[in-house]
Amino acid sequence: MNPKLALRGLKKAFGPKVVLDGLDLDLAAGQSLVIIGGSGVGKSVTIKCALGLIKPDDGQVLLDGKVITNARGQERQLALRQFGMLFQGAALFDSLSIWENVAFRLLYADGVGRAEARERAIETMRRVRLAPETADLRPIELSGGMQKRAGLARAIIAKPQIIFFDEPTTGLDPITADAINDLIVEMVKDLGCAALSITHDMASARKIADDIAMIHQGKIIWRGPAASVDSSGNAYVEQFVHGRAVGPIQAVV
Amino acid sequence: MLNWIRQVGRGVIALLRESGRFATFVAQAIASVFTPPLYLSQLARQALSIGYFSLPLIGLTAVFIGAALALNIYTGGARFNAEQFVPNIVVLGITRELGPVLAGLMLAGRVSAGIAAEIGTMRVTEQIDAMTTLSTDPFKFLVAPRLIAATLGLPLLVLVADTIGVMGGYLVAINSLGFNGSIYLRNTLDFLESQDVLLGVWKAAAFGFIIAAVGCYQGYRSAGGALGVGRAATNAVVGATVLILATNYLMTAFFVE
């Protein structure tokens, strides 16, 4: 059976720096996969390649078995309609209100009327525990946790089949981070969609992942069920999971 | 010697590369203007921001330039006993040259830098990436409305600037230079030809396009946080200013011939 999303031999270099060096990854329908790895190892580049935001130098991105690496026009739009994305800093549009942010895809891509879009946005905001009273506020008026909730609402409003999470808990206090993790698990379960997340927060990875994969030097060096991450038998994974400065991975300071 | 040649060569290659990138960006931007959808709400917002909110700046610039021009022409003309030509030269200078060029330069500072800073901030905070993932083409949502608003808005602003500039000259002429008001206005209108105004309007459309295109380009490709956004805004002003002045010369030479 074809995976929902597959990355095959992805390569990407920025000048002399090789970021992805033949990365392979499969994501099954309904599965939550978390990619862990240190800073600057290519986690964000991996999901940006999958989304088509960065063109890989080589390799393929397949959605439902169909190559979408260089998809353009209608084909790309069809692929994007299956995706939702929660960005690290939420990436809410400053010039729009919260409800307009949440309903952005409905308003500007799907041609839904403003009244219906607002209603659906507020309903989705309720699902991520964002009070309807915040609907007319601007992003700058929300806390970091609330911005993440708004970003999550924006990612799920059109019921995507794959949601990408880029460092969903970065910059949040532990309680808010745990609440965001709970929401992610709940939303992915409710929607029945697949999720591809990247993080270096192990508490978050353990909570939201079915599978965990570790990226190092541009390749996936280990993958297994989330429950087995503490007994992986892989020196790189063990060093990362336990946060040790000494080990095969050189700390970048 | 070889080092010097190498450095010149690198500079030329960098300039050509940048020109190529800009040309590609402009081609994509023009294509986005002529392919649906057109986001009317964004167009209205940009028309307000670029056009309506620039009126005070354009008006003040025009009135002072018109007034100073009248004084200078009067002083210079007095050397040849040609003081009576003040209204004719003021209206010619304002409509053909100073109205569009000064409006363009003022908007290069106000609008081009603003566009570069806004789009640049959206770039470095991943808002443009977010827009793409939401099935919305940033060229159509961000670039096309600004390009249309500036290209259509600046000619209207220049018509306003022309009127206010002429009135600036008129006020100085009747209050300080002893001109009769009705004769001044009659001379202005008798001398003015439609092609003088049209030349200014065509120039303004070209300058509006340049202002928006350079601002969007610099913002769109900005990187490196606050420093990158600041650099994008500076480059937008410098780039738009130089292109406006060069285009002004080329258009003037073309229309004069």
# chains A, B, ... in the order shown; residues from 1 in each chain; ligands from 1

$ interface_residues --of "chain A" --to "chain B" --cutoff "8 Å" --atoms "only C-alpha atoms" --output "list in words"
Leu51, Leu53, Gln77, Leu80, Arg81, Phe83, Gly84, Met85, Phe87, Gly89, Ala91, Leu92, Phe93, Phe104, Arg105, Tyr108 and Ala109 of chain A

$ residues_around --residues "Met167 in chain B" --least-positions-apart "3" --cutoff "12 Å" --atoms "only C-alpha atoms" --output "PDB file with all heavy atoms, in the first residue's frame"
ATOM      1  N   GLY B  59       0.465  66.966  -2.086  1.00  0.00           N
ATOM      2  CA  GLY B  59      -0.074  68.328  -2.118  1.00  0.00           C
ATOM      3  C   GLY B  59       0.929  69.343  -1.584  1.00  0.00           C
ATOM      4  O   GLY B  59       1.186  70.377  -2.201  1.00  0.00           O
ATOM      5  N   LEU B  60       1.540  69.023  -0.426  1.00  0.00           N
ATOM      6  CA  LEU B  60       2.513  69.935   0.169  1.00  0.00           C
ATOM      7  C   LEU B  60       3.738  70.100  -0.729  1.00  0.00           C
ATOM      8  O   LEU B  60       4.233  71.209  -0.927  1.00  0.00           O
ATOM      9  CB  LEU B  60       2.946  69.411   1.544  1.00  0.00           C
ATOM     10  CG  LEU B  60       1.940  69.630   2.666  1.00  0.00           C
ATOM     11  CD1 LEU B  60       2.369  68.889   3.928  1.00  0.00           C
ATOM     12  CD2 LEU B  60       1.807  71.129   2.961  1.00  0.00           C
ATOM     13  N   ALA B  62       3.882  69.727  -3.965  1.00  0.00           N
ATOM     14  CA  ALA B  62       3.524  70.458  -5.185  1.00  0.00           C
ATOM     15  C   ALA B  62       3.370  71.957  -4.923  1.00  0.00           C
ATOM     16  O   ALA B  62       3.859  72.772  -5.703  1.00  0.00           O
ATOM     17  CB  ALA B  62       2.235  69.882  -5.760  1.00  0.00           C
ATOM     18  N   VAL B  63       2.719  72.323  -3.826  1.00  0.00           N
ATOM     19  CA  VAL B  63       2.462  73.744  -3.591  1.00  0.00           C
ATOM     20  C   VAL B  63       3.783  74.499  -3.373  1.00  0.00           C
ATOM     21  O   VAL B  63       3.986  75.600  -3.893  1.00  0.00           O
ATOM     22  CB  VAL B  63       1.459  73.955  -2.431  1.00  0.00           C
ATOM     23  CG1 VAL B  63       2.072  73.699  -1.074  1.00  0.00           C
ATOM     24  CG2 VAL B  63       0.876  75.365  -2.478  1.00  0.00           C
ATOM     25  N   PHE B  64       4.709  73.900  -2.639  1.00  0.00           N
ATOM     26  CA  PHE B  64       5.981  74.579  -2.385  1.00  0.00           C
ATOM     27  C   PHE B  64       6.852  74.631  -3.637  1.00  0.00           C
ATOM     28  O   PHE B  64       7.526  75.635  -3.889  1.00  0.00           O
ATOM     29  CB  PHE B  64       6.726  73.900  -1.225  1.00  0.00           C
ATOM     30  CG  PHE B  64       6.058  74.144   0.105  1.00  0.00           C
ATOM     31  CD1 PHE B  64       5.709  73.094   0.947  1.00  0.00           C
ATOM     32  CD2 PHE B  64       5.784  75.444   0.519  1.00  0.00           C
ATOM     33  CE1 PHE B  64       5.092  73.324   2.155  1.00  0.00           C
ATOM     34  CE2 PHE B  64       5.166  75.687   1.742  1.00  0.00           C
ATOM     35  CZ  PHE B  64       4.810  74.624   2.554  1.00  0.00           C
ATOM     36  N   ILE B  65       6.839  73.545  -4.410  1.00  0.00           N
ATOM     37  CA  ILE B  65       7.646  73.529  -5.641  1.00  0.00           C
ATOM     38  C   ILE B  65       7.084  74.552  -6.642  1.00  0.00           C
ATOM     39  O   ILE B  65       7.843  75.296  -7.279  1.00  0.00           O
ATOM     40  CB  ILE B  65       7.672  72.114  -6.253  1.00  0.00           C
ATOM     41  CG1 ILE B  65       8.565  71.210  -5.410  1.00  0.00           C
ATOM     42  CG2 ILE B  65       8.161  72.146  -7.698  1.00  0.00           C
ATOM     43  CD1 ILE B  65      10.036  71.614  -5.383  1.00  0.00           C
ATOM     44  N   GLY B  66       5.764  74.603  -6.761  1.00  0.00           N
ATOM     45  CA  GLY B  66       5.141  75.566  -7.675  1.00  0.00           C
ATOM     46  C   GLY B  66       5.482  76.984  -7.279  1.00  0.00           C
ATOM     47  O   GLY B  66       5.831  77.831  -8.127  1.00  0.00           O
ATOM     48  N   ALA B  67       5.442  77.259  -5.974  1.00  0.00           N
ATOM     49  CA  ALA B  67       5.736  78.602  -5.480  1.00  0.00           C
ATOM     50  C   ALA B  67       7.202  78.961  -5.726  1.00  0.00           C
ATOM     51  O   ALA B  67       7.521  80.058  -6.219  1.00  0.00           O
ATOM     52  CB  ALA B  67       5.416  78.680  -3.980  1.00  0.00           C
ATOM     53  N   ALA B  68       8.115  78.034  -5.402  1.00  0.00           N
ATOM     54  CA  ALA B  68       9.543  78.294  -5.592  1.00  0.00           C
ATOM     55  C   ALA B  68       9.866  78.456  -7.074  1.00  0.00           C
ATOM     56  O   ALA B  68      10.691  79.305  -7.450  1.00  0.00           O
ATOM     57  CB  ALA B  68      10.366  77.152  -4.991  1.00  0.00           C
ATOM     58  N   LEU B  69       9.211  77.656  -7.887  1.00  0.00           N
ATOM     59  CA  LEU B  69       9.451  77.725  -9.333  1.00  0.00           C
ATOM     60  C   LEU B  69       9.066  79.101  -9.868  1.00  0.00           C
ATOM     61  O   LEU B  69       9.802  79.712 -10.657  1.00  0.00           O
ATOM     62  CB  LEU B  69       8.628  76.635 -10.024  1.00  0.00           C
ATOM     63  CG  LEU B  69       8.932  76.337 -11.486  1.00  0.00           C
ATOM     64  CD1 LEU B  69      10.375  75.875 -11.645  1.00  0.00           C
ATOM     65  CD2 LEU B  69       7.990  75.254 -12.019  1.00  0.00           C
ATOM     66  N   ALA B  70       7.925  79.620  -9.423  1.00  0.00           N
ATOM     67  CA  ALA B  70       7.472  80.937  -9.878  1.00  0.00           C
ATOM     68  C   ALA B  70       8.484  82.015  -9.498  1.00  0.00           C
ATOM     69  O   ALA B  70       8.837  82.877 -10.308  1.00  0.00           O
ATOM     70  CB  ALA B  70       6.105  81.248  -9.267  1.00  0.00           C
ATOM     71  N   PRO B  87       3.768  82.346 -15.710  1.00  0.00           N
ATOM     72  CA  PRO B  87       2.694  81.334 -15.718  1.00  0.00           C
ATOM     73  C   PRO B  87       2.935  80.234 -16.745  1.00  0.00           C
ATOM     74  O   PRO B  87       2.689  79.051 -16.466  1.00  0.00           O
ATOM     75  CB  PRO B  87       1.432  82.129 -16.056  1.00  0.00           C
ATOM     76  CG  PRO B  87       1.881  83.478 -16.479  1.00  0.00           C
ATOM     77  CD  PRO B  87       3.255  83.701 -15.967  1.00  0.00           C
ATOM     78  N   VAL B  90       5.850  77.965 -15.501  1.00  0.00           N
ATOM     79  CA  VAL B  90       5.446  77.201 -14.305  1.00  0.00           C
ATOM     80  C   VAL B  90       4.564  76.023 -14.709  1.00  0.00           C
ATOM     81  O   VAL B  90       4.812  74.884 -14.302  1.00  0.00           O
ATOM     82  CB  VAL B  90       4.698  78.112 -13.293  1.00  0.00           C
ATOM     83  CG1 VAL B  90       3.953  77.266 -12.249  1.00  0.00           C
ATOM     84  CG2 VAL B  90       5.677  79.028 -12.579  1.00  0.00           C
ATOM     85  N   VAL B  91       3.578  76.267 -15.535  1.00  0.00           N
ATOM     86  CA  VAL B  91       2.662  75.169 -15.869  1.00  0.00           C
ATOM     87  C   VAL B  91       3.360  74.108 -16.704  1.00  0.00           C
ATOM     88  O   VAL B  91       3.131  72.904 -16.536  1.00  0.00           O
ATOM     89  CB  VAL B  91       1.375  75.702 -16.569  1.00  0.00           C
ATOM     90  CG1 VAL B  91       1.634  76.165 -18.007  1.00  0.00           C
ATOM     91  CG2 VAL B  91       0.292  74.643 -16.553  1.00  0.00           C
ATOM     92  N   ILE B  94       5.758  72.198 -14.301  1.00  0.00           N
ATOM     93  CA  ILE B  94       5.035  71.340 -13.354  1.00  0.00           C
ATOM     94  C   ILE B  94       4.443  70.121 -14.074  1.00  0.00           C
ATOM     95  O   ILE B  94       4.630  68.990 -13.635  1.00  0.00           O
ATOM     96  CB  ILE B  94       3.894  72.129 -12.650  1.00  0.00           C
ATOM     97  CG1 ILE B  94       4.466  73.194 -11.710  1.00  0.00           C
ATOM     98  CG2 ILE B  94       2.953  71.184 -11.906  1.00  0.00           C
ATOM     99  CD1 ILE B  94       4.954  72.702 -10.387  1.00  0.00           C
ATOM    100  N   VAL B 160      -3.510  65.832  -9.436  1.00  0.00           N
ATOM    101  CA  VAL B 160      -3.727  66.689  -8.261  1.00  0.00           C
ATOM    102  C   VAL B 160      -2.507  67.573  -8.027  1.00  0.00           C
ATOM    103  O   VAL B 160      -2.621  68.781  -7.780  1.00  0.00           O
ATOM    104  CB  VAL B 160      -4.012  65.816  -7.009  1.00  0.00           C
ATOM    105  CG1 VAL B 160      -4.090  66.677  -5.754  1.00  0.00           C
ATOM    106  CG2 VAL B 160      -5.299  65.034  -7.191  1.00  0.00           C
ATOM    107  N   ALA B 161      -1.310  66.965  -8.140  1.00  0.00           N
ATOM    108  CA  ALA B 161      -0.066  67.714  -7.918  1.00  0.00           C
ATOM    109  C   ALA B 161       0.069  68.834  -8.948  1.00  0.00           C
ATOM    110  O   ALA B 161       0.495  69.950  -8.600  1.00  0.00           O
ATOM    111  CB  ALA B 161       1.132  66.767  -7.999  1.00  0.00           C
ATOM    112  N   ASP B 162      -0.290  68.547 -10.204  1.00  0.00           N
ATOM    113  CA  ASP B 162      -0.216  69.572 -11.253  1.00  0.00           C
ATOM    114  C   ASP B 162      -1.080  70.786 -10.866  1.00  0.00           C
ATOM    115  O   ASP B 162      -0.641  71.933 -10.936  1.00  0.00           O
ATOM    116  CB  ASP B 162      -0.734  69.015 -12.587  1.00  0.00           C
ATOM    117  CG  ASP B 162       0.259  68.032 -13.211  1.00  0.00           C
ATOM    118  OD1 ASP B 162       1.391  67.941 -12.709  1.00  0.00           O
ATOM    119  OD2 ASP B 162      -0.120  67.344 -14.179  1.00  0.00           O
ATOM    120  N   THR B 163      -2.304  70.492 -10.460  1.00  0.00           N
ATOM    121  CA  THR B 163      -3.239  71.564 -10.110  1.00  0.00           C
ATOM    122  C   THR B 163      -2.724  72.371  -8.921  1.00  0.00           C
ATOM    123  O   THR B 163      -2.688  73.605  -8.956  1.00  0.00           O
ATOM    124  CB  THR B 163      -4.622  70.948  -9.767  1.00  0.00           C
ATOM    125  OG1 THR B 163      -4.985  70.056 -10.809  1.00  0.00           O
ATOM    126  CG2 THR B 163      -5.679  72.010  -9.607  1.00  0.00           C
ATOM    127  N   ILE B 164      -2.289  71.651  -7.881  1.00  0.00           N
ATOM    128  CA  ILE B 164      -1.825  72.342  -6.671  1.00  0.00           C
ATOM    129  C   ILE B 164      -0.524  73.096  -6.955  1.00  0.00           C
ATOM    130  O   ILE B 164      -0.313  74.217  -6.464  1.00  0.00           O
ATOM    131  CB  ILE B 164      -1.654  71.345  -5.504  1.00  0.00           C
ATOM    132  CG1 ILE B 164      -3.017  70.777  -5.123  1.00  0.00           C
ATOM    133  CG2 ILE B 164      -1.009  72.014  -4.294  1.00  0.00           C
ATOM    134  CD1 ILE B 164      -2.971  69.714  -4.051  1.00  0.00           C
ATOM    135  N   TYR B 170       0.690  80.432  -8.709  1.00  0.00           N
ATOM    136  CA  TYR B 170      -0.319  81.501  -8.821  1.00  0.00           C
ATOM    137  C   TYR B 170      -0.346  82.357  -7.551  1.00  0.00           C
ATOM    138  O   TYR B 170      -0.339  83.594  -7.614  1.00  0.00           O
ATOM    139  CB  TYR B 170      -1.673  80.835  -9.072  1.00  0.00           C
ATOM    140  CG  TYR B 170      -2.871  81.718  -8.914  1.00  0.00           C
ATOM    141  CD1 TYR B 170      -3.283  82.550  -9.952  1.00  0.00           C
ATOM    142  CD2 TYR B 170      -3.620  81.715  -7.731  1.00  0.00           C
ATOM    143  CE1 TYR B 170      -4.411  83.362  -9.801  1.00  0.00           C
ATOM    144  CE2 TYR B 170      -4.725  82.513  -7.575  1.00  0.00           C
ATOM    145  CZ  TYR B 170      -5.125  83.341  -8.616  1.00  0.00           C
ATOM    146  OH  TYR B 170      -6.227  84.131  -8.466  1.00  0.00           O
ATOM    147  N   LEU B 171      -0.330  81.685  -6.392  1.00  0.00           N
ATOM    148  CA  LEU B 171      -0.402  82.420  -5.120  1.00  0.00           C
ATOM    149  C   LEU B 171       0.810  83.347  -4.942  1.00  0.00           C
ATOM    150  O   LEU B 171       0.663  84.499  -4.534  1.00  0.00           O
ATOM    151  CB  LEU B 171      -0.492  81.434  -3.942  1.00  0.00           C
ATOM    152  CG  LEU B 171      -1.828  80.712  -3.787  1.00  0.00           C
ATOM    153  CD1 LEU B 171      -1.756  79.656  -2.692  1.00  0.00           C
ATOM    154  CD2 LEU B 171      -2.940  81.721  -3.483  1.00  0.00           C
ATOM    155  N   VAL B 172       1.987  82.829  -5.255  1.00  0.00           N
ATOM    156  CA  VAL B 172       3.186  83.658  -5.137  1.00  0.00           C
ATOM    157  C   VAL B 172       3.142  84.796  -6.150  1.00  0.00           C
ATOM    158  O   VAL B 172       3.479  85.947  -5.839  1.00  0.00           O
ATOM    159  CB  VAL B 172       4.448  82.784  -5.338  1.00  0.00           C
ATOM    160  CG1 VAL B 172       5.687  83.654  -5.553  1.00  0.00           C
ATOM    161  CG2 VAL B 172       4.669  81.906  -4.127  1.00  0.00           C
ATOM    162  N   ALA B 173       2.706  84.446  -7.378  1.00  0.00           N
ATOM    163  CA  ALA B 173       2.701  85.456  -8.450  1.00  0.00           C
ATOM    164  C   ALA B 173       1.789  86.626  -8.122  1.00  0.00           C
ATOM    165  O   ALA B 173       2.168  87.788  -8.338  1.00  0.00           O
ATOM    166  CB  ALA B 173       2.292  84.805  -9.768  1.00  0.00           C
ATOM    167  N   ILE B 174       0.605  86.337  -7.600  1.00  0.00           N
ATOM    168  CA  ILE B 174      -0.309  87.456  -7.343  1.00  0.00           C
ATOM    169  C   ILE B 174      -0.011  88.156  -6.015  1.00  0.00           C
ATOM    170  O   ILE B 174      -0.276  89.334  -5.861  1.00  0.00           O
ATOM    171  CB  ILE B 174      -1.796  87.033  -7.395  1.00  0.00           C
ATOM    172  CG1 ILE B 174      -2.117  85.990  -6.332  1.00  0.00           C
ATOM    173  CG2 ILE B 174      -2.195  86.531  -8.771  1.00  0.00           C
ATOM    174  CD1 ILE B 174      -3.611  85.857  -6.084  1.00  0.00           C
ATOM    175  N   ASN B 175       0.546  87.442  -5.064  1.00  0.00           N
ATOM    176  CA  ASN B 175       0.795  88.059  -3.753  1.00  0.00           C
ATOM    177  C   ASN B 175       2.158  88.735  -3.642  1.00  0.00           C
ATOM    178  O   ASN B 175       2.303  89.717  -2.927  1.00  0.00           O
ATOM    179  CB  ASN B 175       0.665  87.014  -2.639  1.00  0.00           C
ATOM    180  CG  ASN B 175      -0.787  86.606  -2.427  1.00  0.00           C
ATOM    181  OD1 ASN B 175      -1.675  87.453  -2.397  1.00  0.00           O
ATOM    182  ND2 ASN B 175      -1.032  85.311  -2.329  1.00  0.00           N
ATOM    183  N   GLY B 181      -4.362  88.200 -11.134  1.00  0.00           N
ATOM    184  CA  GLY B 181      -4.804  86.809 -10.980  1.00  0.00           C
ATOM    185  C   GLY B 181      -5.459  86.228 -12.217  1.00  0.00           C
ATOM    186  O   GLY B 181      -5.112  85.124 -12.671  1.00  0.00           O
ATOM    187  N   TYR B 184      -3.006  85.794 -15.071  1.00  0.00           N
ATOM    188  CA  TYR B 184      -2.107  84.666 -14.791  1.00  0.00           C
ATOM    189  C   TYR B 184      -2.791  83.349 -15.180  1.00  0.00           C
ATOM    190  O   TYR B 184      -2.219  82.517 -15.876  1.00  0.00           O
ATOM    191  CB  TYR B 184      -1.733  84.650 -13.302  1.00  0.00           C
ATOM    192  CG  TYR B 184      -0.681  83.616 -12.944  1.00  0.00           C
ATOM    193  CD1 TYR B 184       0.653  83.971 -12.780  1.00  0.00           C
ATOM    194  CD2 TYR B 184      -1.021  82.271 -12.773  1.00  0.00           C
ATOM    195  CE1 TYR B 184       1.619  83.027 -12.463  1.00  0.00           C
ATOM    196  CE2 TYR B 184      -0.071  81.319 -12.465  1.00  0.00           C
ATOM    197  CZ  TYR B 184       1.252  81.699 -12.303  1.00  0.00           C
ATOM    198  OH  TYR B 184       2.201  80.746 -11.996  1.00  0.00           O
ATOM    199  N   LEU B 185      -4.032  83.188 -14.735  1.00  0.00           N
ATOM    200  CA  LEU B 185      -4.744  81.941 -15.019  1.00  0.00           C
ATOM    201  C   LEU B 185      -5.018  81.782 -16.512  1.00  0.00           C
ATOM    202  O   LEU B 185      -4.918  80.685 -17.059  1.00  0.00           O
ATOM    203  CB  LEU B 185      -6.051  81.886 -14.216  1.00  0.00           C
ATOM    204  CG  LEU B 185      -5.890  81.620 -12.717  1.00  0.00           C
ATOM    205  CD1 LEU B 185      -7.242  81.619 -12.033  1.00  0.00           C
ATOM    206  CD2 LEU B 185      -5.168  80.296 -12.461  1.00  0.00           C
ATOM    207  N   THR B 188      -1.907  80.741 -18.201  1.00  0.00           N
ATOM    208  CA  THR B 188      -1.626  79.334 -17.876  1.00  0.00           C
ATOM    209  C   THR B 188      -2.445  78.411 -18.769  1.00  0.00           C
ATOM    210  O   THR B 188      -1.912  77.491 -19.400  1.00  0.00           O
ATOM    211  CB  THR B 188      -1.971  79.057 -16.391  1.00  0.00           C
ATOM    212  OG1 THR B 188      -1.130  79.867 -15.581  1.00  0.00           O
ATOM    213  CG2 THR B 188      -1.766  77.599 -16.041  1.00  0.00           C
TER     214      THR B 188
END

$ residues_around --residues "Ala177 in chain A" --least-positions-apart "3" --cutoff "10 Å" --atoms "only C-alpha atoms" --output "PyMOL selection string"
chain A and resi 145+148+168-174+180-183+201+203-204

$ select_by_dssp --residues "range 10-243 of chain A" --states "strand (DSSP E or B)" --output "count of residues only"
57

$ residues_around --residues "range 118-120 of chain A" --least-positions-apart "5" --cutoff "12 Å" --atoms "only C-alpha atoms" --output "list in words"
Ser97, Ile98, Trp99, Glu100, Asn101, Val102, Ala103, Phe104, Arg105, Leu106, Leu107, Val112, Gly113, Met125, Arg126, Arg127, Pro132, Ala135, Asp136, Ala153, Arg154, Ile156, Ile157, Ala158 and Lys159 of chain A

$ write_last_selection --atoms "N, CA, C and O atoms" --output "tab-separated table (two decimals), in the first residue's frame"
chain	number	residue	atom	x	y	z
A	97	SER	N	-7.62	40.30	11.12
A	97	SER	CA	-8.09	39.90	12.45
A	97	SER	C	-7.90	38.39	12.62
A	97	SER	O	-7.62	37.68	11.65
A	98	ILE	N	-8.09	37.93	13.86
A	98	ILE	CA	-7.89	36.51	14.12
A	98	ILE	C	-8.84	35.64	13.30
A	98	ILE	O	-8.43	34.65	12.69
A	99	TRP	N	-10.10	36.04	13.23
A	99	TRP	CA	-11.03	35.18	12.49
A	99	TRP	C	-10.71	35.17	11.00
A	99	TRP	O	-10.84	34.15	10.34
A	100	GLU	N	-10.23	36.34	10.49
A	100	GLU	CA	-9.85	36.38	9.07
A	100	GLU	C	-8.61	35.52	8.82
A	100	GLU	O	-8.48	34.90	7.76
A	101	ASN	N	-7.71	35.47	9.81
A	101	ASN	CA	-6.56	34.59	9.70
A	101	ASN	C	-7.00	33.14	9.64
A	101	ASN	O	-6.56	32.37	8.78
A	102	VAL	N	-7.88	32.78	10.58
A	102	VAL	CA	-8.34	31.38	10.65
A	102	VAL	C	-9.08	31.00	9.37
A	102	VAL	O	-8.91	29.90	8.84
A	103	ALA	N	-9.87	31.93	8.86
A	103	ALA	CA	-10.70	31.64	7.69
A	103	ALA	C	-10.01	31.99	6.36
A	103	ALA	O	-10.65	32.00	5.32
A	104	PHE	N	-8.70	32.28	6.42
A	104	PHE	CA	-8.01	32.80	5.22
A	104	PHE	C	-8.23	31.92	3.99
A	104	PHE	O	-8.56	32.40	2.90
A	105	ARG	N	-8.06	30.62	4.17
A	105	ARG	CA	-8.20	29.71	3.02
A	105	ARG	C	-9.63	29.75	2.48
A	105	ARG	O	-9.85	29.75	1.26
A	106	LEU	N	-10.60	29.79	3.38
A	106	LEU	CA	-12.00	29.83	2.95
A	106	LEU	C	-12.29	31.11	2.18
A	106	LEU	O	-12.94	31.10	1.12
A	107	LEU	N	-11.77	32.23	2.71
A	107	LEU	CA	-12.08	33.54	2.11
A	107	LEU	C	-11.40	33.73	0.76
A	107	LEU	O	-12.00	34.21	-0.20
A	112	VAL	N	-15.50	31.31	-0.11
A	112	VAL	CA	-16.64	31.26	0.82
A	112	VAL	C	-16.98	32.70	1.25
A	112	VAL	O	-16.09	33.53	1.44
A	113	GLY	N	-18.27	32.99	1.38
A	113	GLY	CA	-18.70	34.33	1.79
A	113	GLY	C	-18.23	34.66	3.20
A	113	GLY	O	-17.98	33.77	4.01
A	125	MET	N	-12.26	27.93	16.04
A	125	MET	CA	-11.55	28.52	17.18
A	125	MET	C	-12.02	27.89	18.49
A	125	MET	O	-11.22	27.63	19.39
A	126	ARG	N	-13.32	27.61	18.57
A	126	ARG	CA	-13.85	26.95	19.79
A	126	ARG	C	-13.18	25.58	19.97
A	126	ARG	O	-12.85	25.18	21.08
A	127	ARG	N	-12.98	24.88	18.84
A	127	ARG	CA	-12.39	23.53	18.91
A	127	ARG	C	-10.97	23.57	19.47
A	127	ARG	O	-10.53	22.62	20.10
A	132	PRO	N	-14.36	32.96	21.40
A	132	PRO	CA	-14.89	33.75	20.27
A	132	PRO	C	-14.64	35.25	20.43
A	132	PRO	O	-14.61	35.98	19.45
A	135	ALA	N	-12.02	36.85	18.30
A	135	ALA	CA	-12.16	36.79	16.83
A	135	ALA	C	-11.78	38.09	16.14
A	135	ALA	O	-11.19	38.06	15.06
A	136	ASP	N	-12.11	39.22	16.76
A	136	ASP	CA	-11.87	40.50	16.09
A	136	ASP	C	-10.56	41.17	16.53
A	136	ASP	O	-10.28	42.29	16.11
A	153	ALA	N	-5.91	26.44	14.41
A	153	ALA	CA	-7.26	26.55	13.86
A	153	ALA	C	-7.21	26.82	12.36
A	153	ALA	O	-7.97	26.24	11.57
A	154	ARG	N	-6.27	27.70	11.95
A	154	ARG	CA	-6.11	28.01	10.53
A	154	ARG	C	-5.68	26.76	9.74
A	154	ARG	O	-6.10	26.56	8.60
A	156	ILE	N	-6.37	23.63	10.43
A	156	ILE	CA	-7.34	22.52	10.37
A	156	ILE	C	-8.70	22.91	9.79
A	156	ILE	O	-9.52	22.04	9.53
A	157	ILE	N	-8.92	24.21	9.55
A	157	ILE	CA	-10.28	24.63	9.19
A	157	ILE	C	-10.79	23.97	7.91
A	157	ILE	O	-11.99	23.69	7.78
A	158	ALA	N	-9.89	23.70	6.98
A	158	ALA	CA	-10.33	23.11	5.71
A	158	ALA	C	-10.21	21.59	5.71
A	158	ALA	O	-10.24	20.96	4.64
A	159	LYS	N	-10.07	21.01	6.91
A	159	LYS	CA	-9.99	19.55	7.08
A	159	LYS	C	-8.93	18.92	6.16
A	159	LYS	O	-9.25	18.13	5.26

$ atom_distance --atom1 "CA of Phe22 in chain B" --atom2 "CA of Arg96 in chain B"
28.4 Å

$ residues_around --residues "Leu55 in chain B" --least-positions-apart "2" --cutoff "12 Å" --atoms "only C-alpha atoms" --output "list in words"
Ala47, Leu48, Ser49, Ile50, Gly51, Tyr52, Phe53, Leu57, Ile58, Gly59, Leu60, Thr61, Ala62, Val63, Ala103, Met106, Leu107, Arg110, Gly153, Leu154, Leu156, Leu157, Val158, Leu159, Val160, Ala161 and Ile164 of chain B

$ atom_distance --atom1 "CA of Ala150 in chain B" --atom2 "CA of Thr95 in chain B"
18.9 Å

$ select_by_dssp --residues "range 43-224 of chain A" --states "alpha helix (DSSP H)" --output "PyMOL selection string"
chain A and resi 43-51+73-80+98-102+104-108+114-127+144-156+174-191+202-208

$ atom_distance --atom1 "CA of Gly22 in chain A" --atom2 "CA of Leu62 in chain A"
14.7 Å

$ residues_around --residues "Leu27 in chain A" --least-positions-apart "2" --cutoff "6 Å" --atoms "only C-alpha atoms" --output "ChimeraX atom specification"
/A:3-5

$ write_last_selection --atoms "C-alpha atoms" --output "compact mmCIF listing (two decimals), in the first residue's frame"
# COMPACT_ATOMS: atom_id res chain seq x y z
CA PRO A 3 2.17 5.76 1.90
CA LYS A 4 0.13 8.97 2.04
CA LEU A 5 3.30 11.03 1.70

$ closest_residue --among "B:Gly20, B:Met1, B:Ala108, B:Glu97" --to "Ser54 in chain B" --atoms "only C-alpha atoms"
B:Ala108

$ residues_around --residues "Arg72 in chain A" --least-positions-apart "6" --cutoff "10 Å" --atoms "only C-alpha atoms" --output "MDAnalysis selection string"
chainID A and resid 52 78:79
